[in-house]
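Peer 1: What follows is the file input16.cif, containing mmCIF, C-alpha atoms:
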data_run
#
loop_
_atom_site.label_atom_id
_atom_site.label_comp_id
_atom_site.auth_asym_id
_atom_site.auth_seq_id
_atom_site.Cartn_x
_atom_site.Cartn_y
_atom_site.Cartn_z
CA MET F 1 -6.26 16.12 10.46
CA LYS F 2 -3.81 13.80 8.78
CA ASN F 3 -1.84 14.97 5.71
CA LEU F 4 -3.29 12.18 3.61
CA ILE F 5 -6.87 13.14 4.38
CA LYS F 6 -6.03 16.75 3.63
CA ALA F 7 -4.57 15.76 0.28
CA LYS F 8 -7.66 13.76 -0.62
CA ARG F 9 -10.02 16.59 0.22
CA LEU F 10 -7.87 19.18 -1.54
CA SER F 11 -7.92 16.98 -4.62
CA GLN F 12 -11.70 16.66 -4.39
CA GLY F 13 -11.97 20.43 -3.99
CA LYS F 14 -9.95 20.94 -7.17
CA ARG F 15 -12.30 18.70 -9.10
CA HIS F 16 -15.30 20.69 -7.82
CA THR F 17 -13.59 23.95 -8.76
CA ASN F 18 -12.83 22.79 -12.29
CA TYR F 19 -16.43 21.70 -12.73
CA ALA F 20 -17.73 25.07 -11.56
CA LYS F 21 -15.41 26.93 -13.92
CA SER F 22 -16.47 24.78 -16.84
CA SER F 23 -20.18 25.27 -16.08
CA SER F 24 -19.91 29.04 -15.81
CA LYS F 25 -18.02 29.27 -19.08
CA GLN F 26 -20.77 27.42 -20.90
CA GLN F 27 -23.44 29.68 -19.46
CA SER F 28 -21.93 33.03 -20.48
CA ASP F 29 -18.85 34.70 -21.91
CA CYS F 30 -19.56 37.87 -19.91
CA PRO F 31 -16.88 38.22 -17.18
CA VAL F 32 -19.33 39.54 -14.57
CA ALA F 33 -21.94 36.87 -15.27
CA ARG F 34 -19.23 34.22 -15.35
CA TYR F 35 -17.92 35.33 -11.95
CA VAL F 36 -21.40 35.45 -10.39
CA SER F 37 -22.20 32.02 -11.78
CA TYR F 38 -18.93 30.65 -10.45
CA ARG F 39 -19.57 32.04 -6.95
CA ILE F 40 -23.12 30.62 -6.93
CA ASN F 41 -21.83 27.20 -7.97
CA ARG F 42 -19.17 27.29 -5.27
CA LEU F 43 -21.76 28.27 -2.66
CA LEU F 44 -24.10 25.46 -3.69
CA ILE F 45 -21.28 22.91 -3.57
CA THR F 46 -20.28 24.10 -0.09
CA ILE F 47 -23.88 23.87 1.16
CA ILE F 48 -24.27 20.34 -0.26
CA VAL F 49 -21.00 19.14 1.29
CA ILE F 50 -21.84 20.61 4.72
CA ALA F 51 -25.38 19.21 4.61
CA SER F 52 -24.08 15.76 3.71
CA PHE F 53 -22.00 15.72 6.90
CA ILE F 54 -24.72 17.18 9.15
CA TYR F 55 -27.67 15.15 7.92
CA ALA F 56 -25.96 11.90 6.92
CA PRO F 57 -27.87 8.96 8.42
CA ALA F 58 -26.11 6.75 10.95
CA SER F 59 -25.97 3.90 8.44
CA LEU F 60 -23.65 5.97 6.24
CA LYS F 61 -21.07 6.63 8.93
CA ALA F 62 -17.59 5.41 8.06
CA GLU F 63 -16.54 1.93 9.05
CA PRO F 64 -12.94 0.64 9.18
CA VAL F 65 -13.60 -1.83 6.34
CA ARG F 66 -16.13 -1.32 3.57
CA TRP F 67 -16.92 -3.73 0.75
CA LEU F 68 -18.31 -1.78 -2.18
CA ASN F 69 -19.69 -4.46 -4.51
CA ASP F 70 -20.97 -7.41 -2.53
CA HIS F 71 -24.14 -7.81 -4.63
CA SER F 72 -22.59 -10.41 -6.96
CA PHE F 73 -21.84 -12.80 -4.08
CA SER F 74 -24.18 -15.18 -2.28
CA SER F 75 -25.11 -14.57 1.35
CA SER F 76 -22.67 -17.20 2.63
CA GLN F 77 -19.89 -15.87 0.40
CA GLN F 78 -20.51 -12.35 1.68
CA LYS F 79 -20.08 -13.52 5.27
CA THR F 80 -16.85 -15.30 4.41
CA VAL F 81 -15.39 -12.36 2.51
CA ASN F 82 -16.42 -9.86 5.21
CA LYS F 83 -14.65 -11.92 7.89
CA TRP F 84 -11.57 -12.19 5.68
CA LEU F 85 -11.34 -8.46 4.90
CA ASN F 86 -11.76 -7.47 8.52
CA PHE F 87 -9.26 -10.07 9.71
CA ALA F 88 -6.56 -8.88 7.28
CA VAL F 89 -7.02 -5.18 8.04
CA GLU F 90 -7.09 -5.75 11.79
CA ALA F 91 -3.98 -7.94 11.59
CA THR F 92 -2.04 -5.36 9.59
CA GLN F 93 -3.06 -2.44 11.77
CA LYS F 94 -2.20 -4.41 14.90
CA SER F 95 1.33 -4.82 13.59
CA PHE F 96 1.90 -1.42 11.98
CA GLY F 97 -0.51 1.04 13.51
CA VAL F 98 -3.92 2.39 12.51
CA LEU F 99 -4.05 3.88 9.04
CA PRO F 100 -5.21 7.51 8.72
CA PHE F 101 -8.37 6.56 6.83
CA ASP F 102 -11.94 6.68 8.06
CA THR F 103 -12.57 3.65 5.86
CA ILE F 104 -10.59 1.24 3.72
CA ASP F 105 -12.66 0.44 0.64
CA PHE F 106 -12.48 -2.93 -1.08
CA ARG F 107 -13.76 -4.10 -4.44
CA VAL F 108 -13.87 -7.88 -4.55
CA LYS F 109 -14.50 -9.70 -7.82
CA HIS F 110 -14.86 -13.30 -8.91
CA SER F 111 -11.72 -14.57 -10.60
CA ARG F 112 -11.71 -16.78 -13.65
CA ARG F 113 -8.53 -18.37 -12.33
CA HIS F 114 -8.95 -20.97 -9.61
CA SER F 115 -5.36 -22.11 -9.08
CA GLU F 116 -5.10 -19.99 -5.90
CA PRO F 117 -7.50 -18.16 -3.56
CA VAL F 118 -6.51 -14.61 -4.57
CA PRO F 119 -4.89 -14.53 -8.01
CA TRP F 120 -4.81 -10.73 -8.24
CA GLY F 121 -4.72 -7.67 -6.02
CA GLN F 122 -4.17 -3.99 -6.74
CA VAL F 123 -4.35 -0.62 -4.97
CA ASN F 124 -6.21 2.14 -6.79
CA ARG F 125 -4.21 5.25 -5.88
CA VAL F 126 -6.97 7.64 -6.93
CA ASP F 127 -9.00 6.77 -3.83
CA ASN F 128 -6.72 4.22 -2.11
CA SER F 129 -9.29 1.47 -2.56
CA ILE F 130 -8.11 -2.12 -2.99
CA LEU F 131 -9.22 -4.43 -5.81
CA LEU F 132 -9.06 -8.16 -5.13
CA HIS F 133 -9.91 -11.01 -7.48
CA ILE F 134 -10.82 -14.17 -5.56
CA SER F 135 -11.84 -17.69 -6.39
CA PRO F 136 -15.20 -18.57 -4.79
CA TYR F 137 -14.11 -22.19 -4.41
CA TYR F 138 -11.86 -21.40 -1.45
CA GLY F 139 -13.05 -20.95 2.13
CA LEU F 140 -12.10 -18.52 4.88
CA THR F 141 -8.97 -20.39 6.00
CA ALA F 142 -7.53 -20.47 2.48
CA LEU F 143 -8.26 -16.76 2.00
CA LYS F 144 -6.52 -15.90 5.27
CA ASP F 145 -3.52 -18.02 4.29
CA ASP F 146 -3.08 -16.16 0.98
CA TRP F 147 -0.52 -13.32 1.11
CA THR F 148 -2.13 -10.96 -1.43
CA ILE F 149 -4.40 -8.92 0.83
CA TYR F 150 -1.67 -8.32 3.43
CA HIS F 151 0.62 -7.09 0.66
CA GLU F 152 -1.96 -4.68 -0.76
CA VAL F 153 -3.00 -3.25 2.62
CA ALA F 154 0.69 -2.72 3.45
CA HIS F 155 1.00 -0.46 0.40
CA LEU F 156 -1.32 2.04 2.07
CA TYR F 157 1.32 2.82 4.71
CA LEU F 158 3.55 4.48 2.11
CA PRO F 159 2.76 7.11 -0.53
CA PHE F 160 2.60 6.26 -4.22
CA LEU F 161 6.20 6.52 -5.46
CA ASP F 162 7.43 7.14 -8.99
CA ASP F 163 8.64 4.30 -11.19
CA HIS F 164 12.30 4.74 -10.26
CA ASP F 165 11.37 3.88 -6.68
CA THR F 166 8.93 1.05 -7.33
CA TRP F 167 11.51 -1.26 -5.76
CA LEU F 168 11.06 0.67 -2.51
CA SER F 169 7.26 0.48 -2.34
CA GLU F 170 7.00 -3.13 -3.58
CA GLY F 171 9.86 -4.23 -1.37
CA PHE F 172 8.18 -2.71 1.67
CA ALA F 173 4.88 -4.50 1.04
CA THR F 174 6.71 -7.77 0.30
CA TYR F 175 8.62 -7.72 3.58
CA ILE F 176 5.73 -6.40 5.64
CA GLN F 177 3.27 -9.08 4.50
CA HIS F 178 5.41 -11.73 6.19
CA ILE F 179 5.56 -9.93 9.52
CA THR F 180 1.81 -9.35 9.47
CA MET F 181 1.06 -12.98 8.64
CA MET F 182 3.47 -14.24 11.28
CA GLN F 183 2.06 -12.00 14.02
CA ALA F 184 -1.48 -13.01 13.03
CA ASN F 185 -0.47 -16.68 13.38
CA VAL F 186 -1.10 -17.30 9.69
CA LEU F 187 2.59 -18.22 9.28
CA THR F 188 5.04 -19.68 11.74
CA GLN F 189 8.43 -18.02 12.06
CA THR F 190 10.02 -20.94 10.23
CA GLN F 191 7.56 -20.63 7.37
CA ALA F 192 8.12 -16.86 7.13
CA ILE F 193 11.90 -17.33 6.98
CA SER F 194 11.58 -20.03 4.33
CA ARG F 195 9.31 -17.87 2.18
CA ILE F 196 11.57 -14.84 2.43
CA GLU F 197 14.66 -16.88 1.59
CA ALA F 198 12.85 -18.46 -1.36
CA GLY F 199 11.93 -14.97 -2.53
CA PHE F 200 15.55 -13.86 -2.31
CA GLY F 201 16.42 -16.88 -4.43
CA ARG F 202 13.91 -15.85 -7.10
CA GLY F 203 15.28 -12.33 -7.04
CA GLN F 204 18.81 -13.61 -7.51
CA ALA F 205 17.72 -15.85 -10.39
CA ASN F 206 15.95 -12.92 -12.07
CA MET F 207 19.29 -11.07 -12.24
CA ARG F 208 20.12 -13.05 -15.38
CA ARG F 209 17.56 -11.09 -17.39
CA ALA F 210 17.39 -7.92 -15.28
CA ARG F 211 20.87 -6.44 -15.27
CA GLY F 212 21.72 -2.85 -14.46
CA SER F 213 21.17 -0.32 -11.70
CA LEU F 214 18.16 -1.14 -9.55
CA TYR F 215 16.41 2.18 -10.15
CA ARG F 216 16.67 1.75 -13.92
CA ILE F 217 15.44 -1.83 -13.76
CA SER F 218 12.61 -0.65 -11.51
CA ASP F 219 11.62 1.99 -14.06
CA ASN F 220 11.29 -0.68 -16.77
CA MET F 221 10.14 -3.53 -14.55
CA HIS F 222 7.22 -4.61 -16.76
CA TYR F 223 9.19 -4.44 -20.00
CA ASN F 224 12.10 -6.40 -18.53
CA ARG F 225 9.87 -8.75 -16.55
CA ALA F 226 12.10 -7.91 -13.61
CA TYR F 227 9.44 -8.33 -10.94
CA MET F 228 11.40 -10.71 -8.74
CA ARG F 229 14.56 -8.63 -8.69
CA VAL F 230 12.62 -5.42 -8.00
CA TYR F 231 10.32 -6.82 -5.32
CA TRP F 232 12.91 -8.82 -3.45
CA SER F 233 15.73 -6.28 -3.70
CA GLY F 234 13.33 -3.84 -2.07
CA ALA F 235 12.42 -6.42 0.57
CA ALA F 236 16.13 -6.90 1.31
CA TYR F 237 16.47 -3.12 1.72
CA PHE F 238 13.84 -3.08 4.47
CA VAL F 239 15.26 -6.21 6.11
CA GLU F 240 18.67 -4.51 6.28
CA ALA F 241 17.11 -1.30 7.60
CA ASP F 242 15.19 -3.27 10.21
CA LEU F 243 18.33 -5.13 11.25
CA ALA F 244 20.17 -1.84 11.73
CA LEU F 245 17.25 -0.46 13.73
CA HIS F 246 17.15 -3.63 15.81
CA GLN F 247 20.77 -3.06 16.85
CA GLN F 248 19.69 0.28 18.29
CA GLY F 249 16.71 -1.19 20.12
CA LYS F 250 14.21 0.11 17.55
CA LYS F 251 11.77 -1.54 15.15
CA LEU F 252 10.58 -0.79 11.65
CA THR F 253 6.98 -1.37 12.71
CA THR F 254 7.18 1.51 15.19
CA ILE F 255 8.76 3.87 12.67
CA ILE F 256 6.12 3.04 10.06
CA ALA F 257 3.30 3.54 12.56
CA ASP F 258 4.71 6.98 13.39
CA TYR F 259 5.08 7.80 9.71
CA ALA F 260 1.49 6.80 8.92
CA SER F 261 0.30 8.96 11.80
CA CYS F 262 2.24 12.12 11.03
CA CYS F 263 3.61 12.24 7.55
CA LEU F 264 1.74 10.04 5.05
CA THR F 265 0.75 11.76 1.79
CA MET F 266 -0.98 10.62 -1.40
CA ASP F 267 2.23 10.48 -3.44
CA GLY F 268 5.88 11.32 -3.05
CA THR F 269 9.45 10.41 -3.86
CA GLY F 270 11.73 7.78 -2.44
CA LYS F 271 14.22 10.46 -1.45
CA GLN F 272 11.65 12.30 0.67
CA LEU F 273 10.33 9.07 2.16
CA VAL F 274 13.70 7.90 3.45
CA LYS F 275 14.42 11.41 4.74
CA ASP F 276 11.19 11.28 6.76
CA LEU F 277 11.96 7.79 8.06
CA ASP F 278 15.43 8.92 9.12
CA LYS F 279 13.95 11.82 11.03
CA LEU F 280 11.40 9.63 12.80
CA SER F 281 14.01 7.02 13.73
CA ASN F 282 16.65 9.63 14.60
CA THR F 283 19.11 7.80 12.37
CA SER F 284 20.55 8.00 8.85
CA ILE F 285 19.87 4.30 8.21
CA PHE F 286 17.21 4.68 5.53
CA SER F 287 18.93 7.33 3.41
CA GLU F 288 22.34 5.63 3.57
CA LEU F 289 20.89 2.30 2.47
CA TYR F 290 18.78 4.05 -0.16
CA SER F 291 21.87 5.60 -1.76
CA VAL F 292 23.45 2.14 -1.96
CA TYR F 293 20.45 0.11 -3.10
CA ARG F 294 19.21 2.56 -5.70
CA TYR F 295 22.37 2.15 -7.77
CA ARG F 296 23.38 -1.38 -6.94
CA ARG F 297 23.82 -3.80 -9.80
CA ASP F 298 24.00 -7.00 -7.77
CA PHE F 299 21.50 -8.81 -5.61
CA PRO F 300 21.88 -8.28 -1.84
CA VAL F 301 22.82 -11.10 0.50
CA ILE F 302 20.98 -11.50 3.81
CA GLU F 303 22.32 -14.09 6.23
CA ARG F 304 19.77 -16.61 7.51
CA GLN F 305 20.92 -16.17 11.11
CA ALA F 306 20.37 -12.41 10.96
CA LEU F 307 16.94 -12.87 9.39
CA SER F 308 16.00 -15.44 12.02
CA GLU F 309 17.01 -13.15 14.88
CA LEU F 310 15.08 -10.28 13.35
CA LEU F 311 11.85 -12.24 12.95
CA THR F 312 12.23 -13.62 16.45
CA SER F 313 11.90 -10.05 17.72
CA TYR F 314 8.48 -9.88 16.04
CA GLN F 315 7.15 -13.08 17.53
CA VAL F 316 3.91 -12.60 19.42
CA GLU F 317 4.45 -13.56 23.03
#
So that I can check it, write out the structure of this file as structure tokens.
Peer 2:
Amino acid sequence: MKNLIKAKRLSQGKRHTNYAKSSSKQQSDCPVARYVSYRINRLLITIIVIASFIYAPASLKAEPVRWLNDHSFSSSQQKTVNKWLNFAVEATQKSFGVLPFDTIDFRVKHSRRHSEPVPWGQVNRVDNSILLHISPYYGLTALKDDWTIYHEVAHLYLPFLDDHDTWLSEGFATYIQHITMMQANVLTQTQAISRIEAGFGRGQANMRRARGSLYRISDNMHYNRAYMRVYWSGAAYFVEADLALHQQGKKLTTIIADYASCCLTMDGTGKQLVKDLDKLSNTSIFSELYSVYRYRRDFPVIERQALSELLTSYQVE
């Protein structure tokens, strides 16, 4: 069983244990009675959990994509959104490997903003569900063309990292969304290169108000409004790592697929993440770049020719 699934179930078990302890304390202050009550509660919880697996109807079996709140959408909207969710998850997993989840849960809500198809997306790290705000005025093609869902699904391939390493997690999702969209024929290679270069330009421009070491800026990203520097510095980190891997005949997509399969946890640190990626790639690329990027005070420079050659290696034949 994958580490991530273990972590989720251990966390759930802790919540059940705390509930049982609280209930027994309310029932009696007698140590013996409290212990007996606790054991009975634990036994009942175990029986309920086992029964839920044994007697669960076929309709409740896990599916790769599950939409949790479709009741507020019309029948035609439900069909459109279902096709979109499945398309995005399948596209991402085709590029980066199957995630160690029985189901990826989505909560889709109507947005009050209609300037773009998906104005907001967010991963809930308590249960790894994804919240998406969408405008109902856009059709399936427009939803597929929007980058938000690919970005949010990409987050699930890495653990939740602390604020100092937000640049690492956001940079990963920012770079990965372009590869996913390109391999799913949502973007051409030329479009992907143009978008990445434009992003680097926004990151560079953001340096004027976001000065200092990257990890410190990352820690205060919201206060400093340093989103562009943080996101795109992190994206440059993974582009550089991928370029170095490419020179050795390796790919980031393969390393990430291996990581998701063997090592993914609910949360972690950037230091442990790059250590794991080094081990899986049999290199020191990730940790060496991490030690440079974490403290860098400038914006990285990625040559267009290098970026073009890298994305060419990801073109679907």
Peer 1: Give me, please, the distance in Å between CA of Glu170 in chain F and CA of Ala235 in chain F, quoted to one decimal.
Peer 2: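 CA of Glu170 in chain F sits 7.6 Å away from CA of Ala235 in chain F.
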Peer 1: Pull out every residue that the PyMOL selection byres ((chain F and resi 283) around 12) matches in the shown coordinates and put them as a PyMOL selection string.
Peer 2: chain F and resi 241-242+244-245+247-248+250+255+274-282+284-289
Peer 1: I'd like to know which of F:Thr103, F:Ser233, F:Thr188, F:Ser218 is closest to Ala173 in chain F, using only C-alpha atoms.
Peer 2: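 So, comparing all the options, the nearest one is F:Ser233.
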Peer 1: With distances taken over all atoms listed in the file, which residue among F:Arg208, F:His222, F:Lys83, F:Lys271 lies nearest Phe299 in chain F?
Peer 2: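 Answer, going by the shortest atom-to-atom distance: F:Arg208.
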Peer 1: Applying 12 Å and all atoms listed in the file, which residues near Thr253 in chain F remain after dropping the ones on its own chain fewer than 6 positions away? List them as a PyMOL selection string.
Peer 2: chain F and resi 92-98+154+157+172+175-177+179-180+183+238-239+241-242+245-246+259-260+277+280-281+311+313-314
Peer 1: Can I get N, CA and C atoms for range 239-267 of chain F, as a PDB file, in the first residue's frame?
Peer 2:
ATOM      1  N   VAL F 239      12.809  23.322 -14.739  1.00  0.00           N
ATOM      2  CA  VAL F 239      13.307  23.320 -16.116  1.00  0.00           C
ATOM      3  C   VAL F 239      14.796  22.988 -16.118  1.00  0.00           C
ATOM      4  N   GLU F 240      15.562  23.635 -15.235  1.00  0.00           N
ATOM      5  CA  GLU F 240      17.002  23.363 -15.155  1.00  0.00           C
ATOM      6  C   GLU F 240      17.273  21.920 -14.761  1.00  0.00           C
ATOM      7  N   ALA F 241      16.500  21.400 -13.800  1.00  0.00           N
ATOM      8  CA  ALA F 241      16.674  20.011 -13.387  1.00  0.00           C
ATOM      9  C   ALA F 241      16.377  19.075 -14.551  1.00  0.00           C
ATOM     10  N   ASP F 242      15.321  19.386 -15.287  1.00  0.00           N
ATOM     11  CA  ASP F 242      14.927  18.549 -16.410  1.00  0.00           C
ATOM     12  C   ASP F 242      15.970  18.606 -17.518  1.00  0.00           C
ATOM     13  N   LEU F 243      16.545  19.770 -17.737  1.00  0.00           N
ATOM     14  CA  LEU F 243      17.608  19.901 -18.732  1.00  0.00           C
ATOM     15  C   LEU F 243      18.815  19.046 -18.356  1.00  0.00           C
ATOM     16  N   ALA F 244      19.179  19.079 -17.084  1.00  0.00           N
ATOM     17  CA  ALA F 244      20.314  18.274 -16.618  1.00  0.00           C
ATOM     18  C   ALA F 244      20.008  16.783 -16.737  1.00  0.00           C
ATOM     19  N   LEU F 245      18.778  16.402 -16.436  1.00  0.00           N
ATOM     20  CA  LEU F 245      18.374  15.001 -16.595  1.00  0.00           C
ATOM     21  C   LEU F 245      18.420  14.597 -18.065  1.00  0.00           C
ATOM     22  N   HIS F 246      17.947  15.501 -18.906  1.00  0.00           N
ATOM     23  CA  HIS F 246      17.896  15.234 -20.349  1.00  0.00           C
ATOM     24  C   HIS F 246      19.289  14.918 -20.895  1.00  0.00           C
ATOM     25  N   GLN F 247      20.299  15.592 -20.381  1.00  0.00           N
ATOM     26  CA  GLN F 247      21.675  15.355 -20.825  1.00  0.00           C
ATOM     27  C   GLN F 247      22.157  13.953 -20.459  1.00  0.00           C
ATOM     28  N   GLN F 248      21.513  13.349 -19.480  1.00  0.00           N
ATOM     29  CA  GLN F 248      21.863  11.996 -19.072  1.00  0.00           C
ATOM     30  C   GLN F 248      20.882  10.955 -19.619  1.00  0.00           C
ATOM     31  N   GLY F 249      20.036  11.381 -20.542  1.00  0.00           N
ATOM     32  CA  GLY F 249      19.076  10.463 -21.140  1.00  0.00           C
ATOM     33  C   GLY F 249      17.906  10.133 -20.227  1.00  0.00           C
ATOM     34  N   LYS F 250      17.597  11.025 -19.288  1.00  0.00           N
ATOM     35  CA  LYS F 250      16.509  10.803 -18.338  1.00  0.00           C
ATOM     36  C   LYS F 250      15.481  11.920 -18.472  1.00  0.00           C
ATOM     37  N   LYS F 251      14.318  11.717 -17.864  1.00  0.00           N
ATOM     38  CA  LYS F 251      13.253  12.715 -17.931  1.00  0.00           C
ATOM     39  C   LYS F 251      12.643  12.935 -16.549  1.00  0.00           C
ATOM     40  N   LEU F 252      12.234  14.169 -16.325  1.00  0.00           N
ATOM     41  CA  LEU F 252      11.571  14.499 -15.064  1.00  0.00           C
ATOM     42  C   LEU F 252      10.280  13.718 -14.913  1.00  0.00           C
ATOM     43  N   THR F 253       9.547  13.532 -15.990  1.00  0.00           N
ATOM     44  CA  THR F 253       8.270  12.823 -15.913  1.00  0.00           C
ATOM     45  C   THR F 253       8.454  11.418 -15.344  1.00  0.00           C
ATOM     46  N   THR F 254       9.504  10.739 -15.755  1.00  0.00           N
ATOM     47  CA  THR F 254       9.765   9.386 -15.262  1.00  0.00           C
ATOM     48  C   THR F 254      10.109   9.394 -13.787  1.00  0.00           C
ATOM     49  N   ILE F 255      10.919  10.354 -13.374  1.00  0.00           N
ATOM     50  CA  ILE F 255      11.326  10.449 -11.962  1.00  0.00           C
ATOM     51  C   ILE F 255      10.113  10.743 -11.088  1.00  0.00           C
ATOM     52  N   ILE F 256       9.244  11.631 -11.552  1.00  0.00           N
ATOM     53  CA  ILE F 256       8.054  11.985 -10.775  1.00  0.00           C
ATOM     54  C   ILE F 256       7.092  10.807 -10.683  1.00  0.00           C
ATOM     55  N   ALA F 257       6.945  10.065 -11.776  1.00  0.00           N
ATOM     56  CA  ALA F 257       6.088   8.878 -11.756  1.00  0.00           C
ATOM     57  C   ALA F 257       6.601   7.867 -10.736  1.00  0.00           C
ATOM     58  N   ASP F 258       7.921   7.681 -10.694  1.00  0.00           N
ATOM     59  CA  ASP F 258       8.511   6.763  -9.715  1.00  0.00           C
ATOM     60  C   ASP F 258       8.298   7.274  -8.292  1.00  0.00           C
ATOM     61  N   TYR F 259       8.445   8.578  -8.120  1.00  0.00           N
ATOM     62  CA  TYR F 259       8.267   9.164  -6.792  1.00  0.00           C
ATOM     63  C   TYR F 259       6.825   8.989  -6.305  1.00  0.00           C
ATOM     64  N   ALA F 260       5.869   9.258  -7.180  1.00  0.00           N
ATOM     65  CA  ALA F 260       4.459   9.111  -6.807  1.00  0.00           C
ATOM     66  C   ALA F 260       4.137   7.673  -6.443  1.00  0.00           C
ATOM     67  N   SER F 261       4.816   6.740  -7.092  1.00  0.00           N
ATOM     68  CA  SER F 261       4.549   5.326  -6.863  1.00  0.00           C
ATOM     69  C   SER F 261       5.148   4.811  -5.562  1.00  0.00           C
ATOM     70  N   CYS F 262       6.330   5.324  -5.211  1.00  0.00           N
ATOM     71  CA  CYS F 262       7.044   4.738  -4.071  1.00  0.00           C
ATOM     72  C   CYS F 262       7.111   5.596  -2.822  1.00  0.00           C
ATOM     73  N   CYS F 263       7.108   6.891  -2.991  1.00  0.00           N
ATOM     74  CA  CYS F 263       7.595   7.730  -1.890  1.00  0.00           C
ATOM     75  C   CYS F 263       6.676   8.874  -1.464  1.00  0.00           C
ATOM     76  N   LEU F 264       5.572   9.083  -2.152  1.00  0.00           N
ATOM     77  CA  LEU F 264       4.707  10.224  -1.890  1.00  0.00           C
ATOM     78  C   LEU F 264       4.071  10.139  -0.511  1.00  0.00           C
ATOM     79  N   THR F 265       4.125  11.251   0.236  1.00  0.00           N
ATOM     80  CA  THR F 265       3.524  11.340   1.561  1.00  0.00           C
ATOM     81  C   THR F 265       2.598  12.553   1.609  1.00  0.00           C
ATOM     82  N   MET F 266       1.844  12.681   2.694  1.00  0.00           N
ATOM     83  CA  MET F 266       0.892  13.785   2.812  1.00  0.00           C
ATOM     84  C   MET F 266       1.590  15.144   2.886  1.00  0.00           C
ATOM     85  N   ASP F 267       2.666  15.227   3.667  1.00  0.00           N
ATOM     86  CA  ASP F 267       3.420  16.469   3.752  1.00  0.00           C
ATOM     87  C   ASP F 267       4.896  16.142   3.923  1.00  0.00           C
TER      88      ASP F 267
END
